[in-house]
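Source file: entry01.txt (compact mmCIF, C-alpha atoms)
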```txt
# COMPACT_ATOMS: atom_id res chain seq x y z
CA MET A 10 0.00 0.00 0.00
CA ARG A 11 2.81 2.39 0.85
CA ALA A 12 4.62 1.59 -2.44
CA LEU A 13 1.46 2.36 -4.43
CA PHE A 14 1.14 5.70 -2.64
CA TRP A 15 4.70 6.71 -3.47
CA LEU A 16 4.26 5.65 -7.11
CA LEU A 17 1.17 7.82 -7.42
CA ALA A 18 3.01 10.71 -5.75
CA VAL A 19 5.89 10.45 -8.26
CA PHE A 20 3.50 10.41 -11.19
CA ALA A 21 1.63 13.40 -9.79
CA GLY A 22 4.90 15.28 -9.32
CA ALA A 23 5.97 14.53 -12.89
CA VAL A 24 2.66 15.77 -14.29
CA ALA A 25 2.85 18.91 -12.14
CA LEU A 26 6.41 19.55 -13.32
CA VAL A 27 5.41 19.26 -17.02
CA LEU A 28 2.44 21.55 -16.58
CA PHE A 29 4.55 24.05 -14.70
CA GLY A 30 7.15 23.96 -17.46
CA HIS A 31 4.60 24.74 -20.19
CA ALA A 32 2.90 27.48 -18.21
CA ASP A 33 5.91 29.31 -16.81
CA ASN A 34 8.24 31.46 -18.99
CA GLY A 35 10.36 32.81 -16.15
CA TYR A 36 14.15 32.61 -15.90
CA VAL A 37 16.88 32.81 -13.25
CA LEU A 38 19.94 35.09 -13.63
CA PHE A 39 23.17 34.65 -11.69
CA VAL A 40 25.65 37.60 -11.89
CA TYR A 41 29.20 37.47 -10.55
CA PRO A 42 31.20 40.12 -12.41
CA PRO A 43 32.51 39.61 -14.93
CA TYR A 44 30.37 36.40 -15.25
CA ARG A 45 26.66 36.08 -16.05
CA LEU A 46 24.60 32.86 -15.96
CA GLU A 47 21.04 32.78 -17.16
CA THR A 48 18.80 29.66 -17.01
CA SER A 49 15.16 28.84 -17.11
CA LEU A 50 13.20 28.64 -13.92
CA LEU A 51 12.24 25.04 -14.63
CA PHE A 52 15.84 23.91 -15.07
CA PHE A 53 16.85 25.75 -11.91
CA GLY A 54 14.14 23.99 -9.94
CA VAL A 55 15.13 20.55 -11.25
CA ALA A 56 18.82 21.28 -10.62
CA ALA A 57 18.12 22.47 -7.07
CA VAL A 58 16.19 19.33 -6.29
CA ALA A 59 18.94 17.16 -7.77
CA VAL A 60 21.66 18.96 -5.79
CA PHE A 61 19.63 18.60 -2.59
CA ALA A 62 19.18 14.88 -3.24
CA VAL A 63 22.91 14.42 -3.85
CA LEU A 64 23.88 16.37 -0.72
CA TYR A 65 21.31 14.45 1.38
CA ALA A 66 22.61 11.11 0.13
CA ALA A 67 26.19 12.16 0.85
CA ALA A 68 25.23 13.25 4.38
CA ARG A 69 23.44 9.95 5.03
CA LEU A 70 26.41 8.01 3.73
CA ALA A 71 28.79 9.99 5.95
CA HIS A 72 26.52 9.38 8.96
CA HIS A 73 26.47 5.64 8.33
CA VAL A 74 30.23 5.54 7.87
CA LEU A 75 30.80 7.40 11.14
CA ALA A 76 28.23 5.19 12.99
CA LEU A 77 29.59 1.95 11.55
CA PRO A 78 31.54 0.97 14.74
CA VAL A 79 28.37 1.39 16.81
CA HIS A 80 26.35 -0.69 14.36
CA VAL A 81 28.97 -3.41 14.36
CA ARG A 82 29.09 -3.44 18.17
CA ASN A 83 25.31 -3.65 18.42
CA PHE A 84 25.24 -6.42 15.82
CA ARG A 85 27.80 -8.42 17.76
CA GLN A 86 25.90 -7.94 21.01
CA ARG A 87 22.66 -9.03 19.34
CA ARG A 88 24.33 -12.13 17.92
CA ARG A 89 25.85 -12.85 21.33
CA ARG A 90 22.43 -12.64 23.03
CA GLU A 91 20.92 -14.89 20.39
CA ARG A 92 23.66 -17.46 20.93
CA GLY A 93 23.15 -17.19 24.69
CA GLN A 94 19.40 -17.72 24.40
CA THR A 95 19.99 -20.72 22.16
CA ALA A 96 22.44 -22.11 24.70
CA LEU A 97 19.98 -21.53 27.55
CA ALA A 98 17.21 -23.37 25.67
CA SER A 99 19.62 -26.23 24.97
CA ALA A 100 20.62 -26.31 28.65
CA LEU A 101 16.98 -26.58 29.73
CA GLN A 102 16.33 -29.41 27.29
CA SER A 103 19.47 -31.27 28.39
CA TYR A 104 18.55 -30.84 32.06
CA PHE A 105 15.09 -32.32 31.59
CA GLU A 106 16.60 -35.12 29.55
CA GLY A 107 18.90 -35.96 32.46
CA ARG A 108 22.06 -34.97 30.58
CA TYR A 109 23.42 -32.89 33.44
CA ALA A 110 27.00 -32.45 32.21
CA ARG A 111 25.80 -31.00 28.92
CA ALA A 112 23.19 -28.92 30.75
CA GLU A 113 25.86 -27.31 32.93
CA LYS A 114 28.08 -26.67 29.89
CA GLU A 115 25.28 -25.00 27.92
CA ALA A 116 24.16 -23.02 30.98
CA ALA A 117 27.74 -21.80 31.45
CA ALA A 118 27.78 -20.68 27.81
CA ALA A 119 24.48 -18.85 28.29
CA HIS A 120 25.82 -17.20 31.44
CA ALA A 121 28.97 -16.06 29.62
CA ALA A 122 26.87 -14.70 26.76
CA GLY A 123 24.81 -12.64 29.19
CA ALA A 124 21.49 -14.26 28.30
CA VAL A 125 19.62 -13.96 31.60
CA PRO A 126 22.81 -14.79 33.52
CA GLY A 127 21.03 -15.29 36.86
CA LEU A 128 18.71 -17.99 35.54
CA ALA A 129 21.58 -19.61 33.66
CA ALA A 130 23.61 -19.74 36.88
CA LEU A 131 20.70 -21.34 38.78
CA LEU A 132 20.26 -23.95 36.07
CA ALA A 133 23.98 -24.71 36.13
CA ALA A 134 23.84 -25.03 39.92
CA ARG A 135 21.02 -27.57 39.70
CA ALA A 136 22.90 -29.55 37.05
CA ALA A 137 26.08 -29.55 39.15
CA HIS A 138 24.09 -30.70 42.16
CA GLN A 139 22.68 -33.64 40.23
CA MET A 140 26.25 -34.66 39.42
CA ARG A 141 27.10 -34.26 43.15
CA ASN A 142 29.64 -31.59 42.34
CA PHE A 143 28.76 -29.54 45.40
CA GLU A 144 31.69 -27.13 45.21
CA GLN A 145 30.78 -26.15 41.66
CA ARG A 146 27.12 -25.93 42.71
CA ASP A 147 27.94 -23.42 45.44
CA GLN A 148 29.99 -21.33 43.03
CA TRP A 149 27.09 -21.14 40.62
CA LEU A 150 24.75 -20.12 43.44
CA GLU A 151 27.13 -17.31 44.33
CA ARG A 152 27.13 -16.15 40.71
CA ALA A 153 23.34 -16.22 40.74
CA ALA A 154 23.39 -13.98 43.82
CA GLN A 155 25.27 -11.36 41.78
CA ALA A 156 22.31 -11.10 39.38
CA GLY A 157 20.46 -8.85 41.81
CA GLU A 158 17.41 -9.02 44.07
CA SER A 159 15.03 -9.87 41.23
CA LEU A 160 16.24 -13.49 41.40
CA GLU A 161 16.56 -13.72 45.18
CA VAL A 162 13.36 -15.75 45.63
CA ALA A 163 14.35 -18.19 42.89
CA ARG A 164 17.84 -18.54 44.36
CA GLN A 165 16.61 -19.20 47.89
CA ILE A 166 14.04 -21.74 46.72
CA THR A 167 16.73 -23.46 44.68
CA ARG A 168 18.98 -23.58 47.73
CA ALA A 169 16.14 -25.02 49.80
CA GLU A 170 15.25 -27.71 47.24
CA LEU A 171 18.86 -28.80 46.87
CA ALA A 172 19.31 -28.88 50.65
CA LEU A 173 16.18 -31.01 51.05
CA GLU A 174 17.51 -33.47 48.50
CA GLU A 175 20.61 -33.81 50.68
CA ARG A 176 18.40 -34.07 53.81
CA ASP A 177 19.99 -30.90 55.19
CA PHE A 178 16.71 -29.76 56.70
CA ALA A 179 18.18 -26.98 58.83
CA ALA A 180 19.85 -25.33 55.83
CA ALA A 181 16.62 -25.63 53.83
CA ARG A 182 14.62 -24.02 56.61
CA ASP A 183 17.12 -21.16 56.93
CA ALA A 184 16.95 -20.50 53.20
CA LEU A 185 13.15 -20.42 53.22
CA LYS A 186 12.91 -18.31 56.36
CA GLY A 187 15.16 -15.76 54.67
CA LEU A 188 12.64 -15.12 51.91
CA HIS A 189 10.24 -13.06 54.05
CA GLY A 190 10.48 -11.55 57.47
CA ALA A 191 7.25 -13.23 58.55
CA GLY A 192 7.89 -16.47 56.69
CA PRO A 193 7.13 -17.55 53.13
CA LYS A 194 3.70 -16.73 51.80
CA HIS A 195 3.43 -18.52 48.48
CA ILE A 196 2.46 -22.15 48.12
CA ALA A 197 5.68 -23.49 46.61
CA SER A 198 7.88 -22.24 49.46
CA LEU A 199 5.29 -23.32 52.06
CA ARG A 200 5.42 -26.88 50.73
CA LEU A 201 9.19 -26.87 50.95
CA LEU A 202 9.08 -25.35 54.43
CA LEU A 203 6.67 -28.08 55.54
CA ARG A 204 9.23 -30.74 54.52
CA ALA A 205 12.04 -28.83 56.22
CA GLU A 206 10.16 -28.35 59.50
CA ARG A 207 9.18 -32.01 59.46
CA GLY A 208 12.81 -32.97 58.93
CA VAL A 209 14.07 -30.95 61.91
CA GLY A 210 11.20 -32.14 64.10
CA ASN A 211 9.51 -28.77 64.56
CA TRP A 212 6.09 -30.37 64.83
CA GLU A 213 4.19 -27.28 65.96
CA GLU A 214 5.16 -25.60 62.69
CA VAL A 215 4.27 -28.76 60.79
CA LEU A 216 0.75 -28.58 62.22
CA ARG A 217 0.41 -24.90 61.36
CA ILE A 218 1.74 -25.14 57.80
CA ALA A 219 -0.16 -28.36 57.00
CA SER A 220 -3.39 -26.73 58.16
CA GLN A 221 -2.67 -23.61 56.12
CA LEU A 222 -1.92 -25.59 52.97
CA ALA A 223 -4.99 -27.78 53.45
CA LYS A 224 -7.24 -24.71 53.72
CA ARG A 225 -5.79 -23.40 50.43
CA ASP A 226 -6.24 -26.84 48.82
CA ALA A 227 -2.50 -26.83 48.12
CA ILE A 228 -1.84 -30.42 49.23
CA ALA A 229 -3.89 -33.61 49.03
CA PRO A 230 -6.21 -34.18 52.00
CA ALA A 231 -4.55 -37.56 52.66
CA ALA A 232 -1.13 -35.90 52.82
CA ALA A 233 -2.39 -33.18 55.15
CA GLU A 234 -3.90 -35.83 57.42
CA GLU A 235 -0.68 -37.83 57.44
CA TYR A 236 1.41 -34.79 58.38
CA THR A 237 -1.08 -33.89 61.11
CA VAL A 238 -1.10 -37.40 62.57
CA GLN A 239 2.70 -37.58 62.56
CA ALA A 240 2.90 -34.24 64.34
CA HIS A 241 0.39 -35.18 67.04
CA VAL A 242 2.07 -38.55 67.65
CA ALA A 243 5.49 -36.89 67.95
CA LEU A 244 4.22 -34.16 70.29
CA LEU A 245 2.51 -36.76 72.48
CA ALA A 246 5.78 -38.69 72.68
CA ARG A 247 7.56 -35.54 73.90
CA ALA A 248 5.06 -35.21 76.74
CA ALA A 249 5.08 -38.92 77.60
CA SER A 250 7.31 -38.54 80.65
CA ASP A 251 4.91 -36.36 82.64
CA ARG A 252 1.25 -37.13 83.27
CA ALA A 253 0.13 -33.52 83.55
CA ALA A 254 2.02 -32.55 80.40
CA LEU A 255 0.50 -35.49 78.53
CA GLN A 256 -3.02 -34.56 79.58
CA ALA A 257 -2.40 -30.92 78.61
CA ARG A 258 -1.08 -31.94 75.21
CA TRP A 259 -4.06 -34.25 74.69
CA ARG A 260 -6.49 -31.44 75.44
CA GLU A 261 -4.77 -29.24 72.85
CA ILE A 262 -5.45 -31.77 70.09
CA PRO A 263 -8.67 -30.98 68.17
CA ALA A 264 -11.51 -33.46 68.72
CA ARG A 265 -11.49 -34.52 65.06
CA ASP A 266 -7.84 -35.56 65.44
CA GLN A 267 -8.26 -37.23 68.84
CA ILE A 268 -10.40 -39.98 67.31
CA GLN A 269 -7.81 -40.76 64.60
CA PRO A 270 -6.70 -44.36 65.38
CA ARG A 271 -2.94 -43.73 65.32
CA VAL A 272 -3.22 -40.62 67.48
CA ALA A 273 -5.53 -42.38 69.91
CA ALA A 274 -3.24 -45.42 70.08
CA ALA A 275 -0.18 -43.27 70.85
CA ALA A 276 -2.01 -41.31 73.53
CA ALA A 277 -3.44 -44.47 75.09
CA ARG A 278 -0.04 -46.16 75.29
CA HIS A 279 1.57 -43.13 76.93
CA ALA A 280 -1.33 -42.72 79.34
CA ALA A 281 -1.19 -46.40 80.32
CA ALA A 282 2.56 -46.19 80.84
CA LEU A 283 2.03 -43.25 83.21
CA GLY A 284 -0.66 -45.14 85.16
CA ALA A 285 -3.67 -43.30 83.69
CA ALA A 286 -5.57 -46.47 82.81
CA ALA A 287 -8.97 -44.76 82.86
CA LEU A 288 -7.77 -42.07 80.45
CA ALA A 289 -6.27 -44.68 78.12
CA ARG A 290 -9.49 -46.69 78.15
CA ASP A 291 -11.60 -43.59 77.46
CA ILE A 292 -9.35 -42.53 74.57
CA ILE A 293 -9.65 -45.91 72.85
CA GLU A 294 -13.39 -46.21 73.41
CA ARG A 295 -14.05 -42.78 71.92
CA SER A 296 -11.91 -43.52 68.89
CA LEU A 297 -13.52 -46.92 68.30
CA ALA A 298 -16.95 -45.36 68.55
CA ALA A 299 -16.03 -43.09 65.65
CA GLU A 300 -13.93 -45.49 63.56
CA TRP A 301 -13.37 -49.20 64.09
CA SER A 302 -9.69 -50.14 64.11
CA ALA A 303 -8.24 -53.60 64.67
CA PRO A 304 -4.95 -52.29 66.17
CA LEU A 305 -6.91 -50.21 68.67
CA VAL A 306 -9.03 -53.20 69.60
CA ALA A 307 -5.86 -55.22 70.21
CA LEU A 308 -4.40 -52.39 72.31
CA TYR A 309 -7.62 -52.26 74.33
CA GLY A 310 -6.93 -55.77 75.59
CA GLU A 311 -3.22 -55.11 76.17
CA LEU A 312 -3.54 -52.01 78.36
CA PRO A 313 -1.92 -52.77 81.74
CA ALA A 314 -3.97 -52.48 84.92
CA LEU A 315 -2.79 -50.70 88.03
CA GLU A 316 -2.66 -52.19 91.50
CA ALA A 317 -4.11 -55.62 92.14
CA THR A 318 -7.10 -54.03 93.86
CA GLU A 319 -8.02 -52.16 90.69
CA ARG A 320 -7.06 -54.81 88.17
CA ALA A 321 -10.24 -56.88 88.43
CA ALA A 322 -12.55 -53.84 88.28
CA GLU A 323 -10.70 -52.40 85.28
CA ALA A 324 -10.71 -55.74 83.46
CA ARG A 325 -14.41 -56.22 84.18
CA ARG A 326 -15.25 -52.76 82.89
CA ARG A 327 -13.33 -53.38 79.66
CA THR A 328 -14.83 -56.85 79.27
CA GLU A 329 -18.36 -55.52 79.53
CA LYS A 330 -17.61 -52.86 76.91
CA ALA A 331 -15.99 -55.39 74.56
CA GLU A 332 -18.92 -57.78 74.89
CA LYS A 333 -21.26 -55.00 73.78
CA TRP A 334 -19.06 -54.52 70.70
CA LEU A 335 -19.22 -58.28 70.11
CA LEU A 336 -22.98 -58.08 69.70
CA GLU A 337 -22.38 -55.89 66.63
CA ARG A 338 -19.26 -57.74 65.38
CA PRO A 339 -19.63 -61.38 66.38
CA GLU A 340 -17.12 -62.63 63.81
CA ASP A 341 -14.33 -60.14 64.42
CA PRO A 342 -11.20 -62.25 65.24
CA GLN A 343 -9.32 -59.35 66.82
CA LEU A 344 -12.23 -58.47 69.11
CA LEU A 345 -12.55 -62.14 70.17
CA ALA A 346 -8.82 -62.27 70.94
CA THR A 347 -9.12 -59.06 72.97
CA LEU A 348 -11.97 -60.54 74.99
CA GLY A 349 -9.78 -63.58 75.61
CA ARG A 350 -7.02 -61.38 77.03
CA LEU A 351 -9.46 -59.46 79.20
CA CYS A 352 -10.92 -62.68 80.59
CA ALA A 353 -7.38 -63.92 81.26
CA HIS A 354 -6.71 -60.71 83.24
CA SER A 355 -9.78 -61.55 85.33
CA GLU A 356 -8.49 -65.16 85.66
CA LEU A 357 -11.55 -66.50 83.84
CA TRP A 358 -9.45 -69.22 82.19
CA GLY A 359 -12.25 -71.22 80.59
CA LYS A 360 -13.94 -68.18 79.11
CA ALA A 361 -10.62 -66.83 77.89
CA GLN A 362 -9.85 -70.14 76.17
CA SER A 363 -13.24 -70.10 74.45
CA TYR A 364 -12.69 -66.60 73.08
CA PHE A 365 -9.17 -67.42 71.82
CA GLU A 366 -10.38 -70.57 70.11
CA ALA A 367 -13.26 -68.65 68.54
CA SER A 368 -10.77 -66.08 67.25
CA LEU A 369 -8.67 -68.86 65.70
CA SER A 370 -11.73 -70.27 63.99
CA PHE A 371 -12.07 -67.04 61.99
CA GLU A 372 -8.37 -66.19 61.56
CA GLU A 373 -5.34 -68.20 62.62
CA THR A 374 -2.77 -65.84 64.11
CA ARG A 375 0.50 -66.32 65.91
CA ALA A 376 -0.62 -64.05 68.77
CA ALA A 377 -3.72 -66.13 69.50
CA HIS A 378 -1.69 -69.36 69.59
CA LEU A 379 0.80 -67.77 71.97
CA GLU A 380 -2.03 -66.62 74.26
CA LEU A 381 -3.50 -70.14 74.28
CA ALA A 382 -0.06 -71.60 74.99
CA ARG A 383 0.43 -69.31 77.99
CA LEU A 384 -3.10 -70.07 79.15
CA ALA A 385 -2.42 -73.80 78.90
CA GLU A 386 0.78 -73.40 80.95
CA ARG A 387 -1.12 -71.56 83.68
CA THR A 388 -3.69 -74.33 83.87
CA GLY A 389 -1.11 -77.13 83.81
CA ARG A 390 -1.81 -78.45 80.31
CA GLU A 391 1.77 -78.75 79.09
CA ALA A 392 0.98 -80.82 76.00
CA ASP A 393 -1.51 -78.23 74.74
CA ALA A 394 0.95 -75.45 75.53
CA GLN A 395 3.71 -77.10 73.47
CA SER A 396 1.30 -77.69 70.60
CA HIS A 397 0.33 -74.02 70.48
CA PHE A 398 3.95 -72.88 70.81
CA ARG A 399 4.92 -75.07 67.85
CA ARG A 400 2.08 -73.71 65.74
CA ALA A 401 3.00 -70.13 66.66
CA ALA A 402 6.59 -70.85 65.58
CA GLU A 403 5.34 -72.26 62.26
CA LEU A 404 3.27 -69.15 61.61
CA SER A 405 6.22 -66.96 62.54
CA GLY A 406 8.44 -68.64 59.97
CA ALA A 407 5.82 -68.77 57.25
```
Step by step, read the file and then write its structure as structure tokens.
Amino acid sequence: MRALFWLLAVFAGAVALVLFGHADNGYVLFVYPPYRLETSLLFFGVAAVAVFAVLYAAARLAHHVLALPVHVRNFRQRRRRERGQTALASALQSYFEGRYARAEKEAAAAHAAGAVPGLAALLAARAAHQMRNFEQRDQWLERAAQAGESLEVARQITRAELALEERDFAAARDALKGLHGAGPKHIASLRLLLRAERGVGNWEEVLRIASQLAKRDAIAPAAAEEYTVQAHVALLARAASDRAALQARWREIPARDQIQPRVAAAAARHAAALGAAALARDIIERSLAAEWSAPLVALYGELPALEATERAAEARRRTEKAEKWLLERPEDPQLLATLGRLCAHSELWGKAQSYFEASLSFEETRAAHLELARLAERTGREADAQSHFRRAAELSGA
């Protein structure tokens, strides 16, 4: 379109020039004594335009000649950036292909060419880390730090990820904490911080971060539950040496987490070890009322009693509760075995034997055979005891 416009303009100018030449009879006189030069006005106009065009072309040529070094320098810089970008793309492809030596080489070329040198240095650091060249990795991270604050977040996250791969959880946490004064805010760094806090055993922070990520739907619900359970179990273990501290820690656990079988089992074991049999029993019963769990049922029958004066009452209370469960689950082998243990605690040998044998009729387990063997020893039936011990040994080696 532009070419057509200029063509029409040239034609229009030519027509105007011809018309002007036919219509105008003027002339131009130049006098420089003793010389005189007379020419037509049309020729003078054409000559003036031609001289202007020649002078303009000469000026443009001189400008280009004088600016040639600048043009050459800019051309070389442009070619250098293009080569650097090509090298950076090749480094990324090699890194994702697992060709780490080539990735570091190409990233080094991109860094030298000045094509986003900070990102090239971070990519080279990751490639060196994969080759376990930690000294070279640290040098690349230092070069990335020279790229300025715009890459500080990327550099710190890279440091944290590489530290987590080496299970250096403290270094990873320090790198992530350095991102923001009040702690990382975005999801990626929060996920990394969750792993770091879990690695160093800072379970209070694990609970906080896992809850925050779960609310933002940033981790799978199953993963959030697993982190939460691990944290509660670990915190209960820390308070396991003091009864008051254990009870305080238990009260701090939300009700929805108290009924989780693994949390309830940990709390019940610690409570029983500290002599809080009633608390242990209550913890297990509440959890089983919400979710049936075979390990919790087994633990219910294994909880130790206190003094001999309380042993019978505690065993009777548990037995009555377990028998109510049996009405709903008459074929549960673990519940039958638990009732056998509870009856054995109450020295109801015949009833205990019946429950153990009923448990074996639904599922043959080594634990049930061992219980029957011990029961047979207590009642003086050595042959039966040896038979059950042998069968337990066979199941153990199977």
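Picture a line from atom CA of A:Gly208 to atom CA of A:Ala179; it runs 8.0 Å.
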message: Need to verify the contact set: stretch 379-390 of chain A, 8 Å, only C-alpha atoms, exclusion of same-chain residues closer than 5 positions in sequence. Can you return it as a list in words?
response: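 Result of the neighbour search: Arg350, Ala353, Trp358, Gln362, Phe365, Gln395, Ser396, His397, Phe398 and Ala401 of chain A.
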Interatomic distance (Å, one decimal) between atom CA of A:Arg152 and atom CA of A:Ala169: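 Pair atom CA of A:Arg152 / atom CA of A:Ala169 returns 16.8 Å.
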statement: Here atom CA of A:Phe371 and atom CA of A:Ile268 stand apart by 27.6 Å
Counting only C-alpha atoms, the residue of A:Thr374, A:Thr167, A:Ser363, A:Ser250 that sits nearest A:Ala154: A:Thr167
Skip stretch 223-233 of chain A itself and residues of its chain fewer than 5 positions away, then list as a compact mmCIF listing (two decimals) with C-alpha atoms, in the coordinates of the input all residues within 12 Å of it, counting all atoms listed in the file.
```
# COMPACT_ATOMS: atom_id res chain seq x y z
CA LYS A 194 3.70 -16.73 51.80
CA HIS A 195 3.43 -18.52 48.48
CA ILE A 196 2.46 -22.15 48.12
CA ALA A 197 5.68 -23.49 46.61
CA SER A 198 7.88 -22.24 49.46
CA LEU A 199 5.29 -23.32 52.06
CA ARG A 200 5.42 -26.88 50.73
CA LEU A 201 9.19 -26.87 50.95
CA LEU A 203 6.67 -28.08 55.54
CA ARG A 204 9.23 -30.74 54.52
CA VAL A 215 4.27 -28.76 60.79
CA LEU A 216 0.75 -28.58 62.22
CA ARG A 217 0.41 -24.90 61.36
CA ILE A 218 1.74 -25.14 57.80
CA VAL A 238 -1.10 -37.40 62.57
CA GLN A 239 2.70 -37.58 62.56
CA ALA A 240 2.90 -34.24 64.34
CA ASP A 266 -7.84 -35.56 65.44
```
message: Could you check the closest approach to A:Arg90 for each of A:Ala376, A:Ala121, A:Val306, A:Ala180 and tell me which residue wins, using all atoms listed in the file?
response: A:Ala121
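Nearest to A:Ala248 of all the residues A:Ala153, A:Val58, A:Leu222, A:Ala276 is A:Ala276, counting all atoms listed in the file.
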field: Spatial neighbours of A:Ser296, 12 Å, only C-alpha atoms, chain gap at least 2 places, as a ChimeraX atom specification
entry: /A:264-277,289-294,298-306,309
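Take the candidates A:Arg176, A:His354, A:His120, A:Lys186 and check each one against A:Val162 using all atoms listed in the file; the shortest distance goes to A:Lys186.
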- prompt: If you count all atoms listed in the file, which residues fall within 6 Å of stretch 135-148 of chain A, apart from same-chain ones fewer than 2 positions away, as a list in words?
  reply: Tyr109, Glu113, Leu132, Ala133, Leu150 and Glu151 of chain A
